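This is target10.csv (CSV, C-alpha atoms and all ligand atoms).
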chain,number,residue,atom,x,y,z
A,878,MET,CA,19.4,29.4,23.0
A,879,THR,CA,21.4,30.2,26.1
A,880,SER,CA,22.8,33.7,26.7
A,881,THR,CA,26.2,32.5,25.5
A,882,ASP,CA,24.7,31.2,22.3
A,883,ILE,CA,22.9,34.5,21.8
A,884,LEU,CA,26.1,36.5,22.3
A,885,ASN,CA,28.1,34.3,19.9
A,886,GLN,CA,25.4,34.7,17.3
A,887,CYS,CA,25.4,38.5,17.8
A,888,ALA,CA,29.2,38.4,17.3
A,889,HIS,CA,29.1,36.5,14.0
A,890,VAL,CA,26.2,38.6,12.6
A,891,ALA,CA,28.3,41.7,13.4
A,892,GLN,CA,31.1,40.2,11.4
A,893,TRP,CA,28.7,39.6,8.4
A,894,LEU,CA,27.5,43.2,8.6
A,895,TRP,CA,31.0,44.5,8.5
A,896,GLN,CA,31.9,42.2,5.6
A,897,ARG,CA,28.8,43.3,3.7
A,898,GLN,CA,29.9,47.0,4.2
A,899,TRP,CA,26.6,47.7,5.8
A,900,ALA,CA,28.3,48.8,9.1
A,901,GLU,CA,30.7,51.7,8.4
A,902,ARG,CA,32.4,53.1,11.5
A,903,ASN,CA,29.9,52.7,14.4
A,904,GLY,CA,26.9,52.2,12.0
A,905,GLY,CA,24.1,50.0,13.0
A,906,ASN,CA,23.0,48.4,16.3
A,907,MET,CA,21.6,45.2,17.7
A,908,VAL,CA,19.6,44.3,20.8
A,909,ALA,CA,18.8,40.7,21.9
A,910,LEU,CA,16.3,39.8,24.6
A,911,LEU,CA,18.0,37.2,26.9
A,912,PRO,CA,16.0,34.2,28.0
A,913,ALA,CA,13.9,34.3,31.2
A,914,ASP,CA,16.2,31.9,33.0
A,915,ALA,CA,19.1,34.3,32.4
A,916,ASP,CA,17.1,36.9,34.3
A,917,THR,CA,17.5,34.9,37.5
A,918,GLU,CA,21.2,34.6,36.9
A,919,TYR,CA,21.8,38.3,36.0
A,920,ARG,CA,19.5,39.5,38.8
A,921,GLN,CA,22.3,38.8,41.3
A,922,LEU,CA,24.6,41.3,39.5
A,923,PRO,CA,25.0,44.7,41.1
A,924,PRO,CA,24.3,47.8,38.9
A,925,LEU,CA,27.3,49.2,37.0
A,926,SER,CA,25.4,52.5,36.1
A,927,SER,CA,22.8,54.8,37.7
A,928,PRO,CA,19.2,54.4,36.4
A,929,THR,CA,19.0,56.0,33.0
A,930,PRO,CA,15.7,57.1,31.3
A,931,ILE,CA,14.7,55.1,28.2
A,932,GLY,CA,12.5,58.0,26.9
A,933,LEU,CA,9.4,55.8,26.7
A,934,SER,CA,7.6,53.2,28.8
A,935,VAL,CA,8.3,49.5,28.3
A,936,PRO,CA,6.2,47.7,30.9
A,937,HIS,CA,6.4,44.3,29.3
A,938,LEU,CA,10.2,44.3,29.7
A,939,ILE,CA,10.3,45.0,33.5
A,940,GLY,CA,12.9,42.9,35.1
A,941,ARG,CA,14.2,41.5,31.8
A,942,HIS,CA,17.8,41.6,30.6
A,943,LEU,CA,18.9,42.5,27.1
A,944,TYR,CA,22.2,42.4,25.3
A,945,CYS,CA,22.8,45.8,23.5
A,946,LYS,CA,25.6,46.9,21.2
A,947,GLY,CA,27.5,49.8,22.8
A,948,SER,CA,26.9,53.3,21.6
A,949,GLY,CA,29.8,54.4,19.3
A,950,CYS,CA,31.2,50.9,19.1
A,951,ARG,CA,32.1,49.3,15.8
A,952,MET,CA,30.4,46.1,14.5
A,953,ARG,CA,33.8,44.7,13.5
A,954,ASP,CA,35.1,45.1,17.1
A,955,LEU,CA,31.9,43.5,18.5
A,956,ALA,CA,32.5,40.6,16.2
A,957,ARG,CA,35.7,39.8,18.1
A,958,ALA,CA,34.5,40.6,21.7
A,959,PRO,CA,30.8,41.1,22.2
A,960,MET,CA,31.1,41.9,25.9
A,961,ASP,CA,33.8,44.5,25.3
A,962,TYR,CA,31.7,46.4,22.7
A,963,GLY,CA,28.3,45.9,24.2
A,964,SER,CA,26.6,45.4,27.6
A,965,ILE,CA,23.7,43.7,29.3
A,966,ILE,CA,21.0,46.0,30.7
A,967,ARG,CA,18.1,45.3,33.1
A,968,ILE,CA,14.8,47.2,32.8
A,969,LEU,CA,13.9,48.7,36.2
A,970,PRO,CA,10.5,48.2,37.9
A,971,ASP,CA,9.1,51.5,36.7
A,972,GLY,CA,9.5,50.3,33.1
A,973,GLU,CA,11.0,53.7,32.1
A,974,HIS,CA,14.7,53.3,33.2
A,975,TYR,CA,17.5,50.8,32.8
A,976,ILE,CA,20.7,50.0,34.5
A,977,ILE,CA,23.8,48.3,33.0
A,978,VAL,CA,24.7,45.0,34.9
A,979,ALA,CA,27.4,43.4,32.8
A,980,SER,CA,30.2,43.3,32.2
A,981,ARG,CA,31.4,46.9,31.9
A,982,PRO,CA,29.6,50.2,32.0
A,983,ILE,CA,29.3,50.5,28.2
A,984,LEU,CA,26.5,52.9,27.2
A,985,PRO,CA,23.9,51.0,25.0
A,986,THR,CA,23.2,51.9,21.4
A,987,SER,CA,21.9,55.4,20.4
A,988,GLU,CA,18.8,53.7,18.9
A,989,LEU,CA,17.9,52.1,22.3
A,990,ALA,CA,14.4,53.7,22.4
A,991,SER,CA,13.5,52.1,19.0
A,992,HIS,CA,14.9,48.7,20.0
A,993,LEU,CA,13.2,48.6,23.4
A,994,ALA,CA,9.9,49.9,22.2
A,995,ILE,CA,9.9,47.0,19.7
A,996,HIS,CA,11.0,44.3,22.2
A,997,ASN,CA,8.2,45.6,24.5
A,998,TYR,CA,5.7,45.2,21.7
A,999,LEU,CA,7.1,41.7,20.8
A,1000,VAL,CA,6.8,40.4,24.3
A,1001,ALA,CA,3.3,41.9,24.8
A,1002,SER,CA,2.1,40.3,21.6
A,1003,HIS,CA,3.7,36.9,22.5
A,1004,SER,CA,5.8,37.1,19.3
A,1005,PRO,CA,8.6,34.5,18.8
A,1006,HIS,CA,10.9,37.3,17.8
A,1007,GLN,CA,13.6,38.1,20.3
A,1008,ALA,CA,16.2,40.0,18.2
A,1009,THR,CA,16.2,43.5,16.7
A,1010,LEU,CA,18.8,44.5,14.1
A,1011,HIS,CA,19.5,47.9,12.5
A,1012,THR,CA,22.0,48.3,9.7
A,1013,HIS,CA,22.8,50.5,6.6
A,1014,PRO,CA,22.5,48.4,3.4
A,1015,HIS,CA,23.4,50.3,0.3
A,1016,HIS,CA,20.7,49.4,-2.2
A,1017,LEU,CA,17.7,49.8,0.2
A,1018,ILE,CA,19.0,53.2,1.3
A,1019,ALA,CA,19.5,54.2,-2.4
A,1020,LEU,CA,15.9,53.3,-3.2
A,1021,SER,CA,14.6,55.3,-0.2
A,1022,HIS,CA,16.0,58.4,-1.9
A,1023,ARG,CA,13.4,58.0,-4.7
A,1024,LEU,CA,10.7,59.6,-2.7
A,1025,PRO,CA,7.8,59.8,-5.2
A,1026,SER,CA,7.8,56.0,-5.8
A,1027,LEU,CA,8.0,54.8,-2.2
A,1028,ASP,CA,4.3,53.8,-2.0
A,1029,SER,CA,4.7,50.8,-4.3
A,1030,LEU,CA,8.3,50.0,-3.2
A,1031,SER,CA,7.3,47.0,-1.0
A,1032,ASP,CA,5.3,45.3,-3.8
A,1033,GLN,CA,8.1,46.0,-6.3
A,1034,LEU,CA,10.7,44.4,-3.9
A,1035,LEU,CA,8.5,41.4,-3.3
A,1036,SER,CA,8.2,40.8,-7.1
A,1037,MET,CA,12.0,40.7,-7.7
A,1038,MET,CA,12.6,37.0,-6.9
A,1039,PRO,CA,10.6,34.2,-5.4
A,1040,GLU,CA,12.6,34.0,-2.2
A,1041,THR,CA,11.5,37.5,-1.1
A,1042,ARG,CA,7.8,36.6,-1.2
A,1043,LEU,CA,8.6,33.2,0.4
A,1044,PHE,CA,10.8,34.4,3.3
A,1045,VAL,CA,9.6,38.0,3.8
A,1046,PRO,CA,5.9,37.7,2.8
A,1047,ARG,CA,4.8,40.7,4.8
A,1048,GLY,CA,7.0,43.0,2.7
A,1049,ILE,CA,8.9,46.1,4.0
A,1050,GLY,CA,7.4,49.0,6.0
A,1051,ILE,CA,8.6,52.5,5.2
A,1052,VAL,CA,9.1,55.5,7.6
A,1053,PRO,CA,10.1,58.9,6.4
A,1054,TYR,CA,13.5,60.3,7.4
A,1055,LEU,CA,13.4,61.0,11.2
A,1056,GLU,CA,16.1,62.0,13.6
A,1057,PRO,CA,18.3,58.9,14.4
A,1058,GLY,CA,17.7,57.8,18.0
A,1059,SER,CA,14.5,59.8,18.4
A,1060,VAL,CA,11.3,58.6,20.1
A,1061,ALA,CA,9.4,59.6,16.9
A,1062,LEU,CA,11.5,57.1,14.9
A,1063,ALA,CA,10.8,54.5,17.6
A,1064,GLN,CA,7.0,55.1,17.4
A,1065,GLN,CA,6.7,55.1,13.6
A,1066,THR,CA,8.9,52.0,13.4
A,1067,LEU,CA,6.7,50.2,15.9
A,1068,ALA,CA,3.5,51.1,13.9
A,1069,GLN,CA,5.1,49.6,10.8
A,1070,LEU,CA,6.1,46.4,12.6
A,1071,HIS,CA,2.4,45.5,13.2
A,1072,HIS,CA,2.4,44.7,9.5
A,1073,HIS,CA,6.0,43.9,8.5
A,1074,ASP,CA,9.1,42.2,9.9
A,1075,ILE,CA,11.5,44.8,8.3
A,1076,VAL,CA,11.2,48.6,8.2
A,1077,LEU,CA,13.0,51.0,5.9
A,1078,TRP,CA,14.3,54.1,7.7
A,1079,SER,CA,14.4,56.5,4.7
A,1080,GLN,CA,17.8,57.9,3.8
A,1081,HIS,CA,19.2,56.0,6.8
A,1082,GLY,CA,18.9,52.2,6.9
A,1083,VAL,CA,16.7,49.4,7.9
A,1084,LEU,CA,15.5,47.7,11.1
A,1085,ALA,CA,14.4,44.0,11.1
A,1086,VAL,CA,13.1,41.7,13.8
A,1087,GLY,CA,13.6,37.9,14.0
A,1088,PRO,CA,13.4,34.9,16.4
A,1089,ASP,CA,17.2,35.4,16.6
A,1090,MET,CA,19.9,37.7,15.2
A,1091,GLU,CA,20.7,35.4,12.4
A,1092,GLU,CA,17.1,35.3,11.1
A,1093,ALA,CA,16.8,39.1,11.4
A,1094,PHE,CA,20.0,39.3,9.3
A,1095,ASP,CA,18.5,36.9,6.7
A,1096,THR,CA,15.4,39.1,6.3
A,1097,ILE,CA,17.6,42.2,5.6
A,1098,ASP,CA,19.9,40.1,3.3
A,1099,ILE,CA,16.9,39.0,1.1
A,1100,MET,CA,15.3,42.4,1.0
A,1101,GLU,CA,18.7,44.0,0.1
A,1102,LYS,CA,19.2,41.5,-2.7
A,1103,SER,CA,15.8,42.4,-4.1
A,1104,ALA,CA,16.7,46.1,-3.9
A,1105,ARG,CA,19.9,45.4,-5.8
A,1106,ILE,CA,18.0,43.5,-8.5
A,1107,LEU,CA,15.4,46.3,-8.7
A,1108,LEU,CA,18.2,48.9,-9.3
A,1109,LEU,CA,20.0,46.7,-11.7
A,1110,SER,CA,16.9,46.0,-13.7
A,1111,GLN,CA,16.2,49.7,-14.0
A,1112,SER,CA,19.7,50.7,-15.0
A,1113,ARG,CA,20.6,51.1,-18.7
B,1,LIG,O1,24.5,53.2,16.0
B,1,LIG,O2,23.4,53.4,13.0
B,1,LIG,O3,21.3,54.9,13.7
B,1,LIG,C1,24.7,54.0,14.9
B,1,LIG,C2,23.5,54.1,14.0
B,1,LIG,C3,22.5,55.0,14.5
B,2,ZN,ZN,21.8,53.9,11.7

If you convert what's in this file into structure tokens, what do you get?
Amino acid sequence: MTSTDILNQCAHVAQWLWQRQWAERNGGNMVALLPADADTEYRQLPPLSSPTPIGLSVPHLIGRHLYCKGSGCRMRDLARAPMDYGSIIRILPDGEHYIIVASRPILPTSELASHLAIHNYLVASHSPHQATLHTHPHHLIALSHRLPSLDSLSDQLLSMMPETRLFVPRGIGIVPYLEPGSVALAQQTLAQLHHHDIVLWSQHGVLAVGPDMEEAFDTIDIMEKSARILLLSQSR
């Protein structure tokens, strides 16, 4: 996919998130790694911001460009105009700072540390995944409030319908409630992604990875449907 295709896909996934009511106000965020040939194109662009610390080291992303939803921006706005409600950043040679290069100095998502730590791991492990998506689906969040039964939650969700085991065979990882945007949340999410393609952020939302934004969305969509069926099956 070209950078334009990637931005278009981010825009329509943002629209789906809003329609699903998983993206209240500025809820959720998305980061897409742009292809290596885009790096050559974007490398010519002058910085639009001063170097900003990431909060952790991402050596495998040095020199790479990523599209990031803007901090405080609404998904429903990004759906209309991805470059007005998001920006392209470049990871600097120290692997610990970024600059914004296009097209306006819109500060990237508050969850940047988690997203970049994950992209760094994905590149290092030669994964085909190039998109990270965080959103707030009702039923998965509701289930995460049932603290005592979380150990078996992934198995329960996989058993709800055949599609879940077929398309999300590695199940869902679970992290306890941690401060949104924190390095601790980034580190625990990363640990879970060694074994899963989707992670439940307890009492907050989910983060999924995929080869592109649409497939990351599909993973969340399937897990959220399983969560809904689980809750329905338990209601009387
Ligand atoms: O970007 O969802 O977790 C808004 C959020 C933070
Ligand atoms: Zn969130």

Within 8 Å of ligand ZN 2 (chain B), which residues show up when you count only C-alpha atoms and all ligand atoms? List them as a ChimeraX atom specification, please. /A:904-906,988,1011-1013,1057,1081-1083

Would you mind listing the residues within 12 Å of ligand LIG 1 (chain B), counting all atoms listed in the file, as a ChimeraX atom specification? /A:894,899-908,945-952,962-963,984-992,1010-1014,1054-1059,1062-1063,1078-1084

What's the 9 Å shell around Gly972 of chain A, counting only C-alpha atoms, without same-chain residues fewer than 5 positions away, as number ranges by chain? A: 931, 933-940

10 Å contact set for segment 911-926 of chain A, only C-alpha atoms, chain neighbours under 6 positions out, as a PyMOL selection string: chain A and resi 878-881+883-884+940-944+965-967+975-984+1007-1008

What is the atom CA of Ser1036 of chain A-atom CA of Ser1021 of chain A distance in Å, reported with one decimal? 17.3 Å

Excluding Glu1101 of chain A and its own-chain neighbours fewer than 5 positions away, which residues fall within 10 Å of it when counting all atoms listed in the file? Please give them as a list of chain:residue names. A:Pro1014, A:His1015, A:His1016, A:Leu1017, A:Ile1018, A:Leu1034, A:Thr1041, A:Val1083, A:Asp1095, A:Thr1096, A:Ile1106, A:Leu1107

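The protein and nucleic acid residues lying at most 10 Å from Ile1075 of chain A are Thr1009, Leu1010, His1011, Val1045, Arg1047, Gly1048, Ile1049, Gly1050, Ile1051, Thr1066, Gln1069, Val1083, Leu1084, Ala1085, Val1086, Gly1087, Ala1093, Thr1096, Ile1097 and Met1100 of chain A, with all atoms listed in the file considered and sequence neighbours fewer than 6 positions away removed.
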
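Of note, atom CA of Glu1092 of chain A and atom CA of Leu999 of chain A are spaced 15.3 Å apart.
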
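Coordinates place atom CA of Asp1089 of chain A at a distance of 16.9 Å from atom CA of Leu955 of chain A.
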
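The residue that comes closest to Gln886 of chain A, out of A:Ala909, A:Leu1035, A:Asp954, A:Ala1001 and on the basis of all atoms listed in the file, is A:Ala909.
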